[in-house]
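As provided, upload_6.cif (mmCIF, C-alpha atoms) reads as follows.
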data_query
#
loop_
_atom_site.label_atom_id
_atom_site.label_comp_id
_atom_site.auth_asym_id
_atom_site.auth_seq_id
_atom_site.Cartn_x
_atom_site.Cartn_y
_atom_site.Cartn_z
CA MET A 223 -24.74 -35.00 -1.78
CA ASN A 224 -24.95 -36.32 -5.36
CA ASP A 225 -23.61 -39.69 -6.47
CA PHE A 226 -20.39 -38.24 -7.88
CA THR A 227 -19.51 -36.46 -4.61
CA LYS A 228 -20.48 -39.51 -2.52
CA ASN A 229 -18.40 -41.92 -4.59
CA MET A 230 -15.46 -39.53 -4.68
CA ALA A 231 -15.55 -39.15 -0.89
CA GLN A 232 -15.58 -42.92 -0.43
CA ALA A 233 -12.54 -43.34 -2.71
CA LEU A 234 -10.60 -40.34 -1.40
CA PHE A 235 -8.37 -42.21 1.04
CA ASP A 236 -7.21 -44.88 -1.43
CA GLN A 237 -5.21 -43.64 -4.44
CA ASP A 238 -5.97 -46.76 -6.48
CA LYS A 239 -9.68 -46.31 -5.85
CA VAL A 240 -9.44 -42.63 -6.78
CA ASN A 241 -7.73 -43.47 -10.09
CA ASP A 242 -10.26 -46.21 -10.86
CA PHE A 243 -13.15 -43.89 -9.99
CA LEU A 244 -11.84 -41.06 -12.18
CA ARG A 245 -11.08 -43.50 -15.03
CA LYS A 246 -14.68 -44.74 -15.01
CA GLU A 247 -16.04 -41.18 -14.86
CA ILE A 248 -13.86 -40.13 -17.80
CA GLN A 249 -14.94 -43.20 -19.76
CA THR A 250 -18.63 -42.42 -19.15
CA ALA A 251 -18.17 -38.75 -20.04
CA VAL A 252 -16.23 -39.46 -23.25
CA ASN A 253 -18.77 -42.00 -24.50
CA GLN A 254 -21.62 -39.63 -23.73
CA LEU A 255 -19.88 -36.80 -25.57
CA LEU A 256 -19.36 -39.03 -28.60
CA LYS A 257 -23.09 -39.80 -28.70
CA VAL A 258 -23.90 -36.09 -28.47
CA GLU A 259 -21.38 -35.31 -31.18
CA LEU A 260 -22.96 -37.81 -33.59
CA THR A 261 -26.43 -36.41 -32.80
CA ALA A 262 -25.20 -32.90 -33.67
CA PHE A 263 -23.64 -34.23 -36.88
CA LEU A 264 -26.81 -36.01 -38.01
CA GLY A 265 -29.13 -33.24 -36.84
CA TYR A 266 -31.69 -35.41 -35.05
CA ASP A 267 -32.01 -37.41 -31.81
CA PRO A 268 -32.00 -41.22 -31.75
CA TYR A 269 -35.31 -42.71 -32.96
CA ALA A 270 -36.64 -39.25 -33.88
CA LYS A 271 -39.08 -39.15 -36.82
CA SER A 272 -37.12 -36.26 -38.28
CA GLY A 273 -34.36 -38.73 -39.07
CA TRP A 274 -36.52 -40.90 -41.30
CA ASN A 275 -35.43 -40.72 -44.93
CA SER A 276 -32.79 -38.14 -43.98
CA GLY A 277 -30.18 -39.84 -46.14
CA ASN A 278 -28.00 -40.89 -43.24
CA SER A 279 -28.45 -42.71 -39.94
CA ARG A 280 -26.67 -44.27 -37.00
CA ASN A 281 -24.83 -47.50 -37.77
CA GLY A 282 -23.68 -49.04 -34.51
CA ILE A 283 -20.36 -48.50 -32.77
CA TYR A 284 -16.82 -49.81 -32.69
CA TYR A 285 -14.68 -50.20 -29.61
CA CYS A 286 -11.17 -49.00 -28.93
CA LYS A 287 -8.99 -48.47 -25.89
CA VAL A 288 -7.41 -45.09 -25.15
CA ASP A 289 -4.76 -44.49 -22.51
CA THR A 290 -5.35 -41.80 -19.87
CA GLN A 291 -3.31 -40.76 -16.84
CA PHE A 292 -5.78 -42.78 -14.74
CA GLY A 293 -5.55 -45.93 -16.84
CA PRO A 294 -7.02 -47.19 -20.14
CA ILE A 295 -10.66 -46.46 -20.95
CA GLU A 296 -12.91 -48.34 -23.36
CA VAL A 297 -14.33 -45.93 -25.89
CA GLN A 298 -17.47 -46.63 -27.91
CA VAL A 299 -17.09 -44.65 -31.11
CA PRO A 300 -20.42 -44.29 -32.98
CA ARG A 301 -20.63 -44.72 -36.73
CA ASP A 302 -22.97 -43.32 -39.38
CA ARG A 303 -24.17 -45.36 -42.32
CA ASN A 304 -22.51 -43.10 -44.91
CA GLY A 305 -19.15 -43.22 -43.15
CA GLN A 306 -18.89 -39.42 -43.01
CA PHE A 307 -18.77 -38.90 -39.23
CA HIS A 308 -15.35 -38.09 -37.75
CA GLN A 309 -15.28 -37.55 -33.99
CA HIS A 310 -13.49 -34.57 -32.40
CA THR A 311 -14.09 -35.47 -28.76
CA LEU A 312 -10.70 -37.23 -28.57
CA PRO A 313 -8.16 -34.90 -30.22
CA ASP A 314 -5.32 -37.03 -28.84
CA TYR A 315 -6.65 -40.28 -30.29
CA LYS A 316 -4.39 -39.90 -33.31
CA GLN A 317 -1.44 -40.13 -30.95
CA HIS A 318 -2.76 -43.47 -29.71
CA SER A 319 -3.29 -44.54 -33.31
CA ASP A 320 0.29 -43.56 -34.11
CA VAL A 321 1.47 -45.81 -31.28
CA LEU A 322 -0.45 -48.72 -32.80
CA GLU A 323 0.98 -48.02 -36.23
CA SER A 324 4.51 -47.92 -34.80
CA MET A 325 3.83 -51.23 -33.09
CA ILE A 326 2.56 -52.72 -36.36
CA ILE A 327 5.75 -51.70 -38.15
CA LYS A 328 7.87 -53.10 -35.31
CA LEU A 329 5.98 -56.42 -35.32
CA TYR A 330 6.27 -56.59 -39.11
CA SER A 331 10.04 -56.12 -38.80
CA LYS A 332 10.15 -59.05 -36.36
CA GLY A 333 8.68 -61.37 -38.99
CA VAL A 334 5.11 -61.52 -37.62
CA THR A 335 2.61 -61.99 -40.45
CA THR A 336 0.03 -59.32 -41.27
CA ARG A 337 -2.85 -61.59 -40.23
CA GLU A 338 -1.18 -62.38 -36.91
CA ILE A 339 -0.54 -58.67 -36.30
CA ALA A 340 -4.20 -57.82 -37.01
CA ASP A 341 -5.41 -60.46 -34.54
CA LEU A 342 -2.90 -59.39 -31.90
CA ILE A 343 -3.77 -55.67 -32.09
CA GLU A 344 -7.48 -56.43 -31.77
CA LYS A 345 -6.91 -58.62 -28.72
CA MET A 346 -4.63 -56.08 -27.03
CA TYR A 347 -6.41 -52.83 -27.84
CA GLY A 348 -9.82 -53.68 -29.22
CA SER A 349 -8.92 -51.80 -32.42
CA HIS A 350 -9.66 -53.76 -35.56
CA TYR A 351 -7.12 -53.75 -38.38
CA SER A 352 -7.58 -56.04 -41.36
CA PRO A 353 -4.47 -57.78 -42.76
CA ALA A 354 -4.75 -55.43 -45.76
CA GLN A 355 -4.70 -52.37 -43.46
CA VAL A 356 -1.69 -53.76 -41.61
CA SER A 357 0.05 -54.25 -44.95
CA ASN A 358 -0.75 -50.66 -45.96
CA ILE A 359 0.64 -49.33 -42.66
CA SER A 360 3.85 -51.31 -43.12
CA LYS A 361 4.19 -49.66 -46.55
CA GLN A 362 4.93 -46.40 -44.73
CA MET A 363 8.49 -47.73 -44.56
CA PHE A 364 8.91 -47.72 -48.37
CA PRO A 365 9.98 -44.03 -48.66
CA LYS A 366 12.38 -44.44 -45.72
CA VAL A 367 13.96 -47.50 -47.30
CA GLU A 368 14.31 -45.68 -50.63
CA ALA A 369 16.04 -42.79 -48.85
CA TYR A 370 18.32 -45.28 -47.09
CA HIS A 371 19.43 -46.71 -50.47
CA LYS A 372 20.17 -43.20 -51.80
CA ARG A 373 21.82 -41.65 -48.72
CA LYS A 374 25.35 -40.24 -48.98
CA LEU A 375 27.96 -42.64 -47.58
CA SER A 376 31.02 -41.99 -45.47
CA ASP A 377 34.15 -41.80 -47.60
CA LYS A 378 36.10 -44.00 -45.17
CA PHE A 379 35.45 -47.58 -44.13
CA PHE A 380 38.37 -49.47 -42.63
CA CYS A 381 36.85 -52.90 -43.32
CA VAL A 382 34.05 -53.90 -45.69
CA TYR A 383 32.43 -57.35 -45.53
CA LEU A 384 30.41 -58.67 -48.46
CA ASP A 385 28.08 -61.66 -48.28
CA ALA A 386 24.79 -62.89 -49.71
CA THR A 387 21.94 -64.82 -48.16
CA TYR A 388 18.75 -66.24 -49.69
CA LEU A 389 15.15 -65.41 -48.77
CA PRO A 390 11.83 -66.57 -50.28
CA LEU A 391 10.26 -64.17 -52.77
CA ARG A 392 7.20 -64.80 -54.92
CA ARG A 393 7.82 -63.93 -58.56
CA LYS A 394 5.93 -65.89 -61.20
CA THR A 395 6.74 -68.97 -59.18
CA PHE A 396 7.91 -69.47 -55.61
CA GLU A 397 11.67 -68.79 -55.52
CA ARG A 398 14.47 -67.99 -53.10
CA GLU A 399 16.40 -64.89 -54.17
CA ALA A 400 19.81 -63.58 -53.21
CA VAL A 401 20.14 -60.62 -50.86
CA TYR A 402 23.56 -58.98 -51.32
CA ILE A 403 24.75 -57.27 -48.13
CA ALA A 404 27.67 -54.96 -47.38
CA ILE A 405 28.63 -54.17 -43.75
CA GLY A 406 31.56 -51.92 -42.89
CA ILE A 407 33.58 -50.73 -39.91
CA LYS A 408 34.73 -47.10 -39.89
CA PRO A 409 38.16 -46.07 -38.55
CA ASN A 410 36.44 -44.94 -35.33
CA GLY A 411 35.13 -48.50 -34.82
CA HIS A 412 31.45 -47.80 -35.63
CA LYS A 413 29.68 -50.55 -37.60
CA GLU A 414 27.12 -49.92 -40.34
CA VAL A 415 25.07 -51.86 -42.87
CA ILE A 416 26.27 -49.86 -45.86
CA ASP A 417 23.71 -51.19 -48.33
CA TYR A 418 22.07 -54.28 -49.76
CA CYS A 419 20.32 -55.30 -52.97
CA ILE A 420 18.07 -58.13 -54.19
CA ALA A 421 18.69 -60.27 -57.29
CA PRO A 422 17.59 -63.72 -58.50
CA SER A 423 21.03 -65.24 -57.90
CA GLU A 424 24.53 -64.36 -56.74
CA ASN A 425 27.01 -63.32 -59.44
CA ILE A 426 29.98 -60.99 -59.94
CA GLU A 427 28.04 -58.56 -62.14
CA VAL A 428 25.61 -57.68 -59.34
CA TRP A 429 28.43 -57.30 -56.82
CA THR A 430 30.28 -55.00 -59.23
CA GLU A 431 27.21 -52.84 -59.81
CA MET A 432 26.55 -52.62 -56.06
CA LEU A 433 30.15 -51.58 -55.27
CA GLN A 434 30.16 -49.00 -58.05
CA ASN A 435 26.93 -47.53 -56.64
CA MET A 436 28.54 -47.31 -53.19
CA ARG A 437 31.53 -45.45 -54.67
CA PHE A 438 29.18 -43.10 -56.54
CA ARG A 439 27.47 -42.26 -53.22
CA GLY A 440 30.71 -41.28 -51.51
CA LEU A 441 32.65 -44.37 -50.41
CA MET A 442 35.90 -43.62 -52.24
CA GLU A 443 38.34 -46.07 -50.54
CA ILE A 444 37.59 -49.74 -50.77
CA GLU A 445 40.96 -50.75 -51.83
CA SER A 446 42.17 -54.31 -52.19
CA ASP A 447 44.98 -53.91 -49.65
CA LEU A 448 42.43 -53.11 -46.93
CA LEU A 449 41.50 -56.79 -46.92
CA VAL A 450 44.97 -57.87 -45.77
CA PHE A 451 44.32 -57.77 -42.03
CA TYR A 452 47.88 -58.71 -41.04
CA ASN A 453 48.99 -55.23 -42.14
CA TYR A 454 47.05 -53.71 -39.25
CA PRO A 455 47.54 -53.38 -35.47
CA LYS A 456 47.33 -56.56 -33.42
CA GLN A 457 44.55 -55.10 -31.27
CA ILE A 458 42.02 -55.39 -34.11
CA ARG A 459 43.20 -58.42 -36.11
CA ALA A 460 41.06 -60.92 -34.23
CA SER A 461 37.96 -58.81 -34.69
CA ILE A 462 38.31 -58.22 -38.46
CA TYR A 463 39.68 -61.43 -39.96
CA SER A 464 36.40 -63.34 -39.47
CA THR A 465 33.16 -62.80 -41.39
CA SER A 466 31.11 -63.67 -38.30
CA MET A 467 29.76 -60.10 -38.07
CA ILE A 468 27.98 -60.18 -41.42
CA LYS A 469 27.01 -63.84 -40.97
CA SER A 470 25.32 -62.88 -37.71
CA PHE A 471 23.33 -60.13 -39.46
CA ASN A 472 22.30 -62.56 -42.19
CA ASN A 473 21.10 -65.06 -39.58
CA VAL A 474 18.96 -62.38 -37.91
CA ILE A 475 17.29 -61.60 -41.24
CA LYS A 476 16.60 -65.27 -42.00
CA ARG A 477 15.25 -65.93 -38.50
CA LYS A 478 12.86 -62.98 -38.61
CA ALA A 479 11.76 -63.80 -42.16
CA LYS A 480 11.02 -67.44 -41.36
CA PRO A 481 7.38 -66.93 -40.15
CA LYS A 482 6.48 -65.17 -43.41
CA ALA A 483 6.98 -68.24 -45.64
CA GLU A 484 7.40 -65.89 -48.62
CA PHE A 485 7.34 -62.20 -49.54
CA PRO A 486 4.64 -61.25 -52.08
CA THR A 487 6.72 -58.56 -53.87
CA GLU A 488 10.32 -57.43 -54.14
CA GLN A 489 9.28 -54.11 -52.58
CA SER A 490 7.92 -55.84 -49.46
CA LEU A 491 11.17 -57.83 -49.13
CA ASP A 492 13.17 -54.63 -49.67
CA ALA A 493 11.20 -52.87 -46.90
CA PHE A 494 11.64 -55.80 -44.52
CA ILE A 495 15.42 -55.89 -44.96
CA GLY A 496 15.61 -52.09 -44.86
CA ILE A 497 13.98 -52.09 -41.43
CA GLN A 498 16.58 -54.59 -40.22
CA ALA A 499 19.46 -52.58 -41.70
CA MET A 500 18.34 -49.24 -40.26
CA SER A 501 17.66 -50.86 -36.89
CA TYR A 502 21.17 -52.36 -36.93
CA ASN A 503 22.73 -48.99 -37.78
CA ASP A 504 20.79 -47.23 -35.01
CA ARG A 505 21.79 -49.89 -32.48
CA TYR A 506 25.49 -49.72 -33.28
CA PHE A 507 25.71 -46.00 -34.10
CA ASN A 508 27.85 -45.12 -31.06
CA ARG A 509 29.34 -48.54 -30.26
CA ILE A 510 33.01 -49.10 -30.99
CA HIS A 511 33.99 -52.45 -32.48
CA LYS A 512 36.37 -54.61 -30.44
CA GLY A 513 39.94 -53.26 -30.41
CA PHE A 514 39.25 -50.14 -32.50
CA GLY A 515 39.08 -47.75 -29.55
CA GLN A 516 42.69 -48.49 -28.63
CA VAL A 517 44.14 -47.67 -32.06
CA GLN A 518 41.73 -45.12 -33.55
CA ASP A 519 44.41 -42.50 -34.27
CA THR A 520 46.56 -45.13 -36.00
CA LEU A 521 43.65 -46.28 -38.16
CA GLU A 522 42.74 -42.72 -39.18
CA SER A 523 46.33 -42.25 -40.42
CA TYR A 524 45.85 -44.99 -43.03
CA PHE A 525 43.51 -42.61 -44.89
CA ASP A 526 45.82 -39.59 -44.87
#
I'd like the structure from this file rewritten - as structure tokens, please.
Amino acid sequence: MNDFTKNMAQALFDQDKVNDFLRKEIQTAVNQLLKVELTAFLGYDPYAKSGWNSGNSRNGIYYCKVDTQFGPIEVQVPRDRNGQFHQHTLPDYKQHSDVLESMIIKLYSKGVTTREIADLIEKMYGSHYSPAQVSNISKQMFPKVEAYHKRKLSDKFFCVYLDATYLPLRRKTFEREAVYIAIGIKPNGHKEVIDYCIAPSENIEVWTEMLQNMRFRGLMEIESDLLVFYNYPKQIRASIYSTSMIKSFNNVIKRKAKPKAEFPTEQSLDAFIGIQAMSYNDRYFNRIHKGFGQVQDTLESYFD
């Protein structure tokens, strides 16, 4: 009976021991395969004379953790000096990497700094990301934010709330710049961050340009009489007369931005707020604002 069979037999009657045994065996096998794969790539065995002056050589390892059905394993990925070796032993490793990148974006949206994220990922997973790499990963949100700003809008919003808050942004000097925000409630009661924009200060010209852009993208009815809440059913008056909804969103942004001290570029600030806006819209996509469910048919008739 070889060692594998003996150890397996000893663990057979305890599921936890079986899982731990198989996890260790998988870890050993994967690390051995990675060594073999690098040897095949280089074309010579470790310490072999044929590798002298070959133009490339082994250059240590880096560690990472990979999840398996039997638990996480610690993988020792070998490196070559020229940086040309790409392992194929773990075809699913990209999936694990995608999970880390999603976590980086989520942490970034919570206001955690790039350096703190890099340290946290290394402690949790053993995967090293420099603050610059974390920053580059977070930039994956830029195209999504751009698409958010250009998306077609609903033509009907029963209420639209406008407000501005201030966040730190590094221009030539350290400044706090205005973030203009529009949040609306549709006749069906669904809430949505319609759009936002960034400008050095709050003024009527920026508000006008922002509202005109919203109309150009499809929002055709923001009429002045929609702001007179007493014209509408009693069931929704209490929930629309106050600006607490948009103030609450502004407070979330400021709280999550606080650890950052300042944003290095307008694009990074734009991406940060975009993440908050899209997250808000996803969270409230199917939720009906207080009172709207009772009078939805009545509210829809206002747009006929």
For this session: Calculate how many Å separate CA of Tyr370 in chain A from CA of Leu433 in chain A, rounding to one decimal.
Result: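 Computing it gives 15.7 Å between the two atoms.
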Can you spell out as a compact mmCIF listing (two decimals) with C-alpha atoms, in the coordinates of the input the set of residues that the PyMOL selection byres ((chain A and resi 394-411) around 6) selects in the structure I just provided?
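And here's result34.txt as it stands now:
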# COMPACT_ATOMS: atom_id res chain seq x y z
CA PHE A 379 35.45 -47.58 -44.13
CA PHE A 380 38.37 -49.47 -42.63
CA CYS A 381 36.85 -52.90 -43.32
CA VAL A 382 34.05 -53.90 -45.69
CA TYR A 383 32.43 -57.35 -45.53
CA LEU A 384 30.41 -58.67 -48.46
CA ASP A 385 28.08 -61.66 -48.28
CA ALA A 386 24.79 -62.89 -49.71
CA THR A 387 21.94 -64.82 -48.16
CA TYR A 388 18.75 -66.24 -49.69
CA LEU A 389 15.15 -65.41 -48.77
CA PRO A 390 11.83 -66.57 -50.28
CA LEU A 391 10.26 -64.17 -52.77
CA ARG A 392 7.20 -64.80 -54.92
CA ARG A 393 7.82 -63.93 -58.56
CA HIS A 412 31.45 -47.80 -35.63
CA LYS A 413 29.68 -50.55 -37.60
CA GLU A 414 27.12 -49.92 -40.34
CA VAL A 415 25.07 -51.86 -42.87
CA ILE A 416 26.27 -49.86 -45.86
CA ASP A 417 23.71 -51.19 -48.33
CA TYR A 418 22.07 -54.28 -49.76
CA CYS A 419 20.32 -55.30 -52.97
CA ILE A 420 18.07 -58.13 -54.19
CA ALA A 421 18.69 -60.27 -57.29
CA PRO A 422 17.59 -63.72 -58.50
CA SER A 423 21.03 -65.24 -57.90
CA GLU A 424 24.53 -64.36 -56.74
CA ILE A 510 33.01 -49.10 -30.99
CA HIS A 511 33.99 -52.45 -32.48
CA PHE A 514 39.25 -50.14 -32.50
CA GLN A 518 41.73 -45.12 -33.55
CA LEU A 521 43.65 -46.28 -38.16
CA GLU A 522 42.74 -42.72 -39.18
Please enumerate the residues selected by the PyMOL selection byres ((chain A and resi 295-307) around 9) when evaluated against the supplied file, formatted as a tab-separated table (two decimals) with C-alpha atoms, in the frame of the given file.
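Saved the output as result_36.tsv:
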chain	number	residue	atom	x	y	z
A	245	ARG	CA	-11.08	-43.50	-15.03
A	246	LYS	CA	-14.68	-44.74	-15.01
A	248	ILE	CA	-13.86	-40.13	-17.80
A	249	GLN	CA	-14.94	-43.20	-19.76
A	250	THR	CA	-18.63	-42.42	-19.15
A	252	VAL	CA	-16.23	-39.46	-23.25
A	253	ASN	CA	-18.77	-42.00	-24.50
A	256	LEU	CA	-19.36	-39.03	-28.60
A	257	LYS	CA	-23.09	-39.80	-28.70
A	260	LEU	CA	-22.96	-37.81	-33.59
A	263	PHE	CA	-23.64	-34.23	-36.88
A	264	LEU	CA	-26.81	-36.01	-38.01
A	277	GLY	CA	-30.18	-39.84	-46.14
A	278	ASN	CA	-28.00	-40.89	-43.24
A	279	SER	CA	-28.45	-42.71	-39.94
A	280	ARG	CA	-26.67	-44.27	-37.00
A	281	ASN	CA	-24.83	-47.50	-37.77
A	282	GLY	CA	-23.68	-49.04	-34.51
A	283	ILE	CA	-20.36	-48.50	-32.77
A	284	TYR	CA	-16.82	-49.81	-32.69
A	285	TYR	CA	-14.68	-50.20	-29.61
A	286	CYS	CA	-11.17	-49.00	-28.93
A	287	LYS	CA	-8.99	-48.47	-25.89
A	288	VAL	CA	-7.41	-45.09	-25.15
A	289	ASP	CA	-4.76	-44.49	-22.51
A	290	THR	CA	-5.35	-41.80	-19.87
A	292	PHE	CA	-5.78	-42.78	-14.74
A	293	GLY	CA	-5.55	-45.93	-16.84
A	294	PRO	CA	-7.02	-47.19	-20.14
A	308	HIS	CA	-15.35	-38.09	-37.75
A	309	GLN	CA	-15.28	-37.55	-33.99
A	348	GLY	CA	-9.82	-53.68	-29.22
Problem set entry | Separation of CA of Arg439 in chain A from CA of Lys372 in chain A, in Å and rounded to one decimal |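 Calculated distance between CA of Arg439 in chain A and CA of Lys372 in chain A is 7.5 Å.
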Would you kindly identify which residues have an atom no farther than 12 Å from (19.9, -54.2, -36.4), using only C-alpha atoms and the file's own coordinates, and write them out as a CSV table (one decimal) with C-alpha atoms, in the frame of the given file?
chain,number,residue,atom,x,y,z
A,331,SER,CA,10.0,-56.1,-38.8
A,332,LYS,CA,10.2,-59.0,-36.4
A,405,ILE,CA,28.6,-54.2,-43.8
A,413,LYS,CA,29.7,-50.6,-37.6
A,414,GLU,CA,27.1,-49.9,-40.3
A,415,VAL,CA,25.1,-51.9,-42.9
A,467,MET,CA,29.8,-60.1,-38.1
A,468,ILE,CA,28.0,-60.2,-41.4
A,470,SER,CA,25.3,-62.9,-37.7
A,471,PHE,CA,23.3,-60.1,-39.5
A,472,ASN,CA,22.3,-62.6,-42.2
A,473,ASN,CA,21.1,-65.1,-39.6
A,474,VAL,CA,19.0,-62.4,-37.9
A,475,ILE,CA,17.3,-61.6,-41.2
A,478,LYS,CA,12.9,-63.0,-38.6
A,494,PHE,CA,11.6,-55.8,-44.5
A,495,ILE,CA,15.4,-55.9,-45.0
A,496,GLY,CA,15.6,-52.1,-44.9
A,497,ILE,CA,14.0,-52.1,-41.4
A,498,GLN,CA,16.6,-54.6,-40.2
A,499,ALA,CA,19.5,-52.6,-41.7
A,500,MET,CA,18.3,-49.2,-40.3
A,501,SER,CA,17.7,-50.9,-36.9
A,502,TYR,CA,21.2,-52.4,-36.9
A,503,ASN,CA,22.7,-49.0,-37.8
A,504,ASP,CA,20.8,-47.2,-35.0
A,505,ARG,CA,21.8,-49.9,-32.5
A,506,TYR,CA,25.5,-49.7,-33.3
A,507,PHE,CA,25.7,-46.0,-34.1
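With CA of Lys476 in chain A on one side and CA of Thr335 in chain A on the other, the separation reads 14.5 Å.
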For this session: Between A:Leu441, A:Val258, A:Ala251, A:Val334, single out the one closest to Lys378 in chain A, counting all atoms listed in the file.
Result: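 Looking only at the distances to Lys378 in chain A, the closest residue turns out to be A:Leu441.
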How would you write, as a PDB file with C-alpha atoms, keeping the file's coordinate frame, the residues chosen by the PyMOL selection byres ((chain A and resi 353-361) around 8) on this structure?
ATOM      1  CA  GLU A 323       0.980 -48.020 -36.230  1.00  0.00           C
ATOM      2  CA  ILE A 326       2.560 -52.720 -36.360  1.00  0.00           C
ATOM      3  CA  ILE A 327       5.750 -51.700 -38.150  1.00  0.00           C
ATOM      4  CA  TYR A 330       6.270 -56.590 -39.110  1.00  0.00           C
ATOM      5  CA  THR A 336       0.030 -59.320 -41.270  1.00  0.00           C
ATOM      6  CA  ARG A 337      -2.850 -61.590 -40.230  1.00  0.00           C
ATOM      7  CA  ILE A 339      -0.540 -58.670 -36.300  1.00  0.00           C
ATOM      8  CA  ALA A 340      -4.200 -57.820 -37.010  1.00  0.00           C
ATOM      9  CA  TYR A 351      -7.120 -53.750 -38.380  1.00  0.00           C
ATOM     10  CA  SER A 352      -7.580 -56.040 -41.360  1.00  0.00           C
ATOM     11  CA  GLN A 362       4.930 -46.400 -44.730  1.00  0.00           C
ATOM     12  CA  MET A 363       8.490 -47.730 -44.560  1.00  0.00           C
ATOM     13  CA  PHE A 364       8.910 -47.720 -48.370  1.00  0.00           C
ATOM     14  CA  SER A 490       7.920 -55.840 -49.460  1.00  0.00           C
ATOM     15  CA  ALA A 493      11.200 -52.870 -46.900  1.00  0.00           C
TER      16      ALA A 493
END
Build an axis-aligned box that encloses every atom of range 262-279 of chain A listed in the file, pad it by 6 Å on each side, and report its centre and edge lengths in Å to one decimal, as JSON.
{"center_x": -31.4, "center_y": -37.8, "center_z": -38.9, "size_x": 27.4, "size_y": 21.8, "size_z": 26.4}
